[in-house]
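File shown here: coords_3.txt, holding compact mmCIF, C-alpha atoms.
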# COMPACT_ATOMS: atom_id res chain seq x y z
CA MET A 1360 16.17 27.01 -2.86
CA ILE A 1361 13.10 25.73 -1.01
CA SER A 1362 13.73 24.30 2.46
CA GLY A 1363 15.04 20.77 2.00
CA ILE A 1364 15.06 21.04 -1.81
CA ASN A 1365 17.77 21.86 -4.29
CA LYS A 1366 15.74 21.67 -7.47
CA GLU A 1367 18.60 21.81 -9.93
CA SER A 1368 20.93 19.25 -8.32
CA ILE A 1369 18.38 16.83 -6.87
CA TRP A 1370 14.82 17.00 -8.11
CA GLU A 1371 15.38 16.97 -11.83
CA GLU A 1372 17.28 13.72 -11.35
CA GLN A 1373 15.05 12.18 -8.74
CA ILE A 1374 11.63 12.57 -10.39
CA VAL A 1375 11.29 9.41 -12.46
CA TYR A 1376 7.61 9.65 -13.41
CA GLU A 1377 4.74 12.05 -12.83
CA ASP A 1378 1.13 12.45 -13.92
CA ASN A 1379 -1.96 14.07 -12.46
CA HIS A 1380 -2.34 11.40 -9.77
CA ILE A 1381 1.15 10.20 -8.73
CA ILE A 1382 4.78 11.22 -8.59
CA VAL A 1383 7.55 8.62 -8.44
CA ILE A 1384 10.82 9.58 -6.76
CA ASN A 1385 14.23 7.88 -6.86
CA LYS A 1386 14.87 8.18 -3.13
CA LEU A 1387 18.33 8.86 -1.74
CA PRO A 1388 19.38 6.57 1.12
CA SER A 1389 19.60 9.50 3.55
CA GLU A 1390 15.96 10.46 3.01
CA ILE A 1391 12.94 9.36 5.00
CA VAL A 1392 9.63 8.75 3.25
CA GLN A 1393 7.42 9.88 6.11
CA GLY A 1394 8.02 11.90 9.27
CA ASP A 1395 9.55 10.08 12.22
CA LYS A 1396 11.04 10.75 15.65
CA THR A 1397 14.20 12.30 14.13
CA GLY A 1398 12.22 15.36 13.09
CA ASP A 1399 14.01 15.41 9.72
CA LEU A 1400 12.04 16.78 6.79
CA PRO A 1401 10.49 13.75 5.02
CA LEU A 1402 10.09 13.27 1.30
CA SER A 1403 6.33 13.69 1.59
CA GLU A 1404 6.82 17.26 2.85
CA LYS A 1405 9.58 18.04 0.37
CA ILE A 1406 7.25 17.02 -2.45
CA LYS A 1407 4.45 19.21 -1.09
CA ASN A 1408 6.79 22.20 -0.95
CA TYR A 1409 8.17 21.50 -4.41
CA LEU A 1410 4.76 21.12 -6.08
CA LYS A 1411 3.39 24.18 -4.31
CA VAL A 1412 6.14 26.39 -5.73
CA ARG A 1413 6.48 24.76 -9.14
CA ASP A 1414 2.75 24.72 -9.86
CA HIS A 1415 2.02 28.08 -8.14
CA LYS A 1416 -0.60 26.50 -5.86
CA PRO A 1417 -2.09 29.01 -3.41
CA GLY A 1418 -3.57 26.48 -0.99
CA ASN A 1419 -2.56 23.18 0.57
CA VAL A 1420 -0.91 20.53 -1.59
CA PHE A 1421 -1.87 16.87 -1.28
CA CYS A 1422 0.87 14.25 -1.04
CA GLY A 1423 -0.15 10.79 0.15
CA VAL A 1424 2.32 8.13 1.27
CA ILE A 1425 1.46 4.88 -0.52
CA HIS A 1426 4.41 2.70 0.53
CA ARG A 1427 7.77 3.10 2.23
CA LEU A 1428 11.45 2.25 2.00
CA ASP A 1429 13.74 1.98 5.00
CA ARG A 1430 15.88 5.08 5.46
CA PRO A 1431 19.20 3.41 4.49
CA VAL A 1432 17.61 1.96 1.32
CA SER A 1433 17.44 3.91 -1.94
CA GLY A 1434 15.19 3.71 -4.97
CA LEU A 1435 11.72 4.09 -6.41
CA VAL A 1436 8.88 5.29 -4.18
CA ILE A 1437 5.38 6.23 -5.34
CA PHE A 1438 3.54 9.19 -3.78
CA ALA A 1439 -0.07 10.15 -4.50
CA LYS A 1440 -0.89 13.68 -5.66
CA THR A 1441 -4.65 13.19 -5.25
CA SER A 1442 -6.88 11.38 -2.78
CA LYS A 1443 -8.20 9.27 -5.67
CA GLY A 1444 -4.63 8.29 -6.56
CA LEU A 1445 -3.93 7.35 -2.95
CA SER A 1446 -7.02 5.15 -2.74
CA LYS A 1447 -6.44 3.40 -6.06
CA PHE A 1448 -2.74 2.75 -5.49
CA ASN A 1449 -3.39 1.51 -1.96
CA GLU A 1450 -5.64 -1.09 -3.61
CA LEU A 1451 -2.82 -2.12 -5.97
CA PHE A 1452 -0.49 -2.74 -3.05
CA ARG A 1453 -3.13 -4.62 -1.06
CA GLU A 1454 -3.86 -6.82 -4.07
CA LYS A 1455 -0.09 -7.29 -4.69
CA THR A 1456 -0.41 -6.43 -8.36
CA ILE A 1457 2.65 -4.16 -8.42
CA GLN A 1458 5.82 -6.00 -9.42
CA LYS A 1459 8.81 -4.74 -7.44
CA THR A 1460 12.42 -5.65 -8.08
CA TYR A 1461 15.52 -4.65 -6.14
CA LEU A 1462 19.28 -4.61 -6.54
CA ALA A 1463 21.44 -5.73 -3.63
CA VAL A 1464 25.21 -5.96 -3.23
CA VAL A 1465 26.61 -8.73 -1.03
CA LYS A 1466 30.15 -9.84 -0.19
CA ASN A 1467 29.38 -13.53 0.30
CA LYS A 1468 28.08 -15.02 -2.94
CA PRO A 1469 25.01 -17.22 -2.44
CA ALA A 1470 25.52 -20.94 -2.97
CA LYS A 1471 23.20 -20.91 -6.00
CA GLU A 1472 23.29 -18.49 -8.93
CA LYS A 1473 19.51 -18.15 -8.67
CA ASP A 1474 16.95 -19.45 -6.21
CA LEU A 1475 13.56 -19.04 -4.59
CA LEU A 1476 13.98 -18.27 -0.90
CA THR A 1477 11.21 -19.20 1.52
CA HIS A 1478 11.44 -18.26 5.19
CA TYR A 1479 9.07 -17.53 8.04
CA LEU A 1480 9.71 -14.11 9.58
CA ILE A 1481 8.95 -12.76 13.02
CA LYS A 1482 9.31 -9.05 13.72
CA ASN A 1483 10.85 -7.89 16.99
CA GLU A 1484 9.21 -4.56 17.80
CA LYS A 1485 11.77 -3.65 20.47
CA THR A 1486 14.80 -3.97 18.21
CA ASN A 1487 13.00 -3.16 14.94
CA THR A 1488 14.44 -6.27 13.32
CA SER A 1489 13.04 -9.47 11.85
CA LYS A 1490 14.26 -13.02 12.35
CA ALA A 1491 14.01 -15.73 9.69
CA PHE A 1492 13.09 -19.35 10.36
CA ASN A 1493 13.26 -22.22 7.88
CA LYS A 1494 9.99 -23.68 9.14
CA GLU A 1495 6.74 -22.10 10.24
CA VAL A 1496 6.73 -21.07 13.89
CA PRO A 1497 4.03 -19.36 15.98
CA HIS A 1498 3.27 -15.77 14.85
CA SER A 1499 5.57 -16.04 11.82
CA LEU A 1500 4.73 -14.79 8.31
CA LYS A 1501 5.65 -16.74 5.19
CA SER A 1502 8.13 -14.70 3.15
CA GLN A 1503 9.34 -15.40 -0.37
CA LEU A 1504 11.66 -13.78 -2.86
CA GLU A 1505 13.51 -14.81 -6.00
CA TYR A 1506 17.11 -13.75 -6.55
CA GLU A 1507 19.67 -14.07 -9.30
CA VAL A 1508 23.37 -13.18 -9.26
CA ILE A 1509 23.76 -10.90 -12.28
CA SER A 1510 27.27 -9.49 -11.88
CA SER A 1511 30.40 -9.83 -9.76
CA SER A 1512 33.49 -7.76 -8.97
CA ASP A 1513 36.64 -8.92 -7.22
CA ASN A 1514 35.01 -8.44 -3.82
CA TYR A 1515 31.23 -8.18 -4.24
CA HIS A 1516 28.25 -9.65 -6.04
CA LEU A 1517 25.17 -7.93 -7.44
CA LEU A 1518 21.81 -9.64 -6.96
CA HIS A 1519 18.57 -8.95 -8.80
CA ILE A 1520 15.67 -9.62 -6.44
CA LYS A 1521 11.98 -10.05 -7.13
CA LEU A 1522 9.78 -9.68 -4.06
CA LEU A 1523 6.90 -12.15 -3.88
CA THR A 1524 5.73 -10.99 -0.45
CA GLY A 1525 6.19 -7.72 1.41
CA ARG A 1526 7.42 -8.29 4.96
CA HIS A 1527 9.33 -6.13 7.42
CA HIS A 1528 13.01 -5.97 6.38
CA GLN A 1529 12.36 -9.04 4.23
CA ILE A 1530 15.22 -8.80 1.74
CA ARG A 1531 17.72 -7.80 4.40
CA CYS A 1532 16.63 -10.61 6.70
CA GLN A 1533 16.37 -13.37 4.11
CA LEU A 1534 19.75 -12.65 2.49
CA SER A 1535 21.34 -12.60 5.93
CA ALA A 1536 19.70 -15.96 6.68
CA ILE A 1537 21.53 -17.60 3.74
CA GLY A 1538 24.86 -16.08 4.79
CA SER A 1539 24.85 -13.17 2.33
CA PRO A 1540 24.09 -9.99 4.31
CA ILE A 1541 23.81 -6.80 2.31
CA LYS A 1542 26.91 -4.60 2.17
CA GLY A 1543 26.83 -2.04 4.99
CA ASP A 1544 23.91 -3.66 6.84
CA LEU A 1545 25.27 -4.03 10.37
CA LYS A 1546 21.80 -4.79 11.69
CA TYR A 1547 21.72 -8.00 9.66
CA GLY A 1548 25.25 -9.25 9.97
CA PHE A 1549 27.54 -7.29 7.66
CA ASN A 1550 30.86 -6.61 9.36
CA ARG A 1551 31.08 -2.83 8.85
CA THR A 1552 28.97 0.17 7.89
CA ASN A 1553 29.17 2.24 4.74
CA ASP A 1554 30.11 5.90 4.97
CA GLY A 1555 26.89 7.77 5.63
CA GLY A 1556 25.13 4.74 7.05
CA PHE A 1557 23.39 3.61 3.85
CA ILE A 1558 23.16 -0.02 2.77
CA HIS A 1559 23.58 -1.43 -0.74
CA LEU A 1560 19.90 -2.17 -1.34
CA HIS A 1561 18.03 -0.31 -4.06
CA SER A 1562 14.42 -0.39 -5.26
CA TYR A 1563 15.23 -0.72 -8.96
CA SER A 1564 11.98 -1.23 -10.87
CA LEU A 1565 8.21 -0.98 -10.57
CA GLU A 1566 5.70 -2.42 -13.04
CA PHE A 1567 1.95 -1.98 -12.77
CA GLU A 1568 -1.21 -1.14 -14.63
CA HIS A 1569 -2.13 2.41 -13.75
CA PRO A 1570 -5.44 2.04 -11.92
CA ILE A 1571 -6.82 5.34 -13.22
CA LYS A 1572 -5.23 5.73 -16.65
CA LYS A 1573 -5.41 1.98 -17.39
CA GLU A 1574 -1.94 2.05 -18.94
CA LYS A 1575 0.96 -0.34 -18.34
CA ILE A 1576 3.70 1.56 -16.51
CA SER A 1577 7.26 0.22 -16.31
CA LEU A 1578 9.83 2.26 -14.38
CA LYS A 1579 13.52 1.69 -13.67
CA ALA A 1580 16.10 3.81 -11.89
CA LEU A 1581 19.70 3.22 -10.85
CA PRO A 1582 21.03 4.63 -7.56
CA VAL A 1583 21.81 8.37 -7.52
CA SER A 1584 25.15 7.84 -5.83
CA ASN A 1585 28.86 8.58 -6.01
CA ASP A 1586 29.60 5.27 -4.29
CA ALA A 1587 32.31 3.34 -6.15
CA VAL A 1588 30.62 -0.05 -5.76
CA TRP A 1589 27.28 1.17 -7.10
CA SER A 1590 29.09 2.98 -9.91
CA PHE A 1591 30.91 -0.22 -10.92
CA PHE A 1592 27.76 -2.31 -11.03
CA ALA A 1593 25.69 0.42 -12.72
CA LYS A 1594 27.97 0.10 -15.73
CA GLN A 1595 27.23 -3.63 -15.86
CA ILE A 1596 23.45 -3.21 -16.07
CA SER A 1597 22.92 0.14 -17.81
What is this file in structure tokens?
Amino acid sequence: MISGINKESIWEEQIVYEDNHIIVINKLPSEIVQGDKTGDLPLSEKIKNYLKVRDHKPGNVFCGVIHRLDRPVSGLVIFAKTSKGLSKFNELFREKTIQKTYLAVVKNKPAKEKDLLTHYLIKNEKTNTSKAFNKEVPHSLKSQLEYEVISSSDNYHLLHIKLLTGRHHQIRCQLSAIGSPIKGDLKYGFNRTNDGGFIHLHSYSLEFEHPIKKEKISLKALPVSNDAVWSFFAKQIS
């Protein structure tokens, strides 16, 4: 076992796509994408270690962080294996040509089965939260997403979410603003945490034209989780 890596139990499941330029990981909610003040080993370093051993690389291994997911959120994250990959995929994200969809579980069903949500968000740096307003206010950023209720259990509802903008805590904040906070998300109004501190928000699919290979790439991944709620809904969409 490499430090921070159990290849057999984790990495064979978590690697969703890989080529010469990128590697796409189905992130666990406990993992951090990039190093932070906790000092925990981030995914970027785990990938470097993994590739170094697997590919028998004698020198340094490149792993560039292209985008991030909050620690309690799971799902698809793209990392660059080359500097060219990092540059080209950074352009894709700047140009907003990557289509990202998410799955979220909420207790309070939204009033509409599907809708376009438009809010104006302001980030509070001190609390690391965002606040949603229905009208534009000074220093706010227009934020939009589309959601659809795709399944329900006795207690919860599964939403499919298409992000139209990419703001700080956007999905968490906007769903809370319509009275449907994500399960386990104490920061945005849910009444209790989940065991382990994760929230029921998952980066489910990525679609893009590969900027180097010029191929259409479509990726999907369900949560790697033993959680009963995720397991119930996974059966509804798999």
Practice prompt. Find the residue from A:Ile1425, A:Gln1503, A:Ala1536, A:Lys1386 that sits nearest to Phe1549 in chain A; use all atoms listed in the file when measuring.
Written response: A:Ala1536
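Between CA of Lys1501 in chain A and CA of Glu1450 in chain A the separation is 21.2 Å.
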Item to complete: Name all residues at most 6 Å from range 1563-1573 of chain A (count all atoms listed in the file; drop same-chain ones fewer than 5 positions away) and give them as a list in words.
Response: Gly1434, Ile1457, Gln1458, Lys1459, Thr1460, Tyr1461, Leu1578, Lys1579 and Ala1580 of chain A
Discussion item. Please determine, counting only C-alpha atoms, which residue among A:Val1588, A:Leu1387, A:Ala1491, A:Ala1593 has the shortest atom-to-atom distance to Tyr1547 in chain A.
Written reply: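 The answer is A:Ala1491, which sits nearest to Tyr1547 in chain A.
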Counting all atoms listed in the file, what is within 8 Å of Gln1533 in chain A, bar same-chain residues fewer than 4 positions away, as a short mmCIF file (atom, residue, chain, number, x, y, z; two decimals) with C-alpha atoms, in the coordinates of the input?
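Wrote it out as result_30.cif, contents follow:
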data_model
loop_
_atom_site.label_atom_id
_atom_site.label_comp_id
_atom_site.auth_asym_id
_atom_site.auth_seq_id
_atom_site.Cartn_x
_atom_site.Cartn_y
_atom_site.Cartn_z
CA LEU A 1476 13.98 -18.27 -0.90
CA HIS A 1478 11.44 -18.26 5.19
CA ALA A 1491 14.01 -15.73 9.69
CA GLN A 1529 12.36 -9.04 4.23
CA ILE A 1537 21.53 -17.60 3.74
#
Fill in: All residues 12 Å or closer to Glu1372 in chain A, all atoms listed in the file, same chain fewer than 6 positions away omitted, as a PyMOL selection string
chain A and resi 1365-1366+1383-1387+1580-1584
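Excluding Thr1397 in chain A itself and same-chain residues fewer than 6 positions from it, the residues having an atom within 12 Å of it are Glu1390, Ile1391 and Arg1430 of chain A, counting only C-alpha atoms.
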Item to complete: Give me the residues within 8 Å of Ser1489 in chain A as a list in words, counting all atoms listed in the file and dropping any in the same chain fewer than 5 places off.
Response: Leu1480, Ile1481, Lys1482, Asn1483, His1527, His1528, Gln1529 and Cys1532 of chain A
Let's have the selection written as a PDB file, in the frame of the given file, with C-alpha atoms.
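The resulting file, result_37.pdb, is reproduced below:
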ATOM      1  CA  LEU A1480       9.710 -14.110   9.580  1.00  0.00           C
ATOM      2  CA  ILE A1481       8.950 -12.760  13.020  1.00  0.00           C
ATOM      3  CA  LYS A1482       9.310  -9.050  13.720  1.00  0.00           C
ATOM      4  CA  ASN A1483      10.850  -7.890  16.990  1.00  0.00           C
ATOM      5  CA  HIS A1527       9.330  -6.130   7.420  1.00  0.00           C
ATOM      6  CA  HIS A1528      13.010  -5.970   6.380  1.00  0.00           C
ATOM      7  CA  GLN A1529      12.360  -9.040   4.230  1.00  0.00           C
ATOM      8  CA  CYS A1532      16.630 -10.610   6.700  1.00  0.00           C
TER       9      CYS A1532
END
Worksheet item: In terms of the shortest atom-to-atom distance over only C-alpha atoms, which of A:His1415, A:Ile1406, A:Leu1545, A:Leu1475 is closest to Glu1377 in chain A?
Response: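 Using only C-alpha atoms, Glu1377 in chain A sits closest to A:Ile1406.
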Worksheet entry | Between CA of Ser1512 in chain A and CA of Phe1557 in chain A, distance in Å (one decimal) | 19.9 Å
Worksheet item: Could you state the separation of CA of Lys1473 in chain A and CA of Leu1522 in chain A in Å, given to one decimal place?
Response: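 According to the coordinates, CA of Lys1473 in chain A and CA of Leu1522 in chain A are separated by 13.7 Å.
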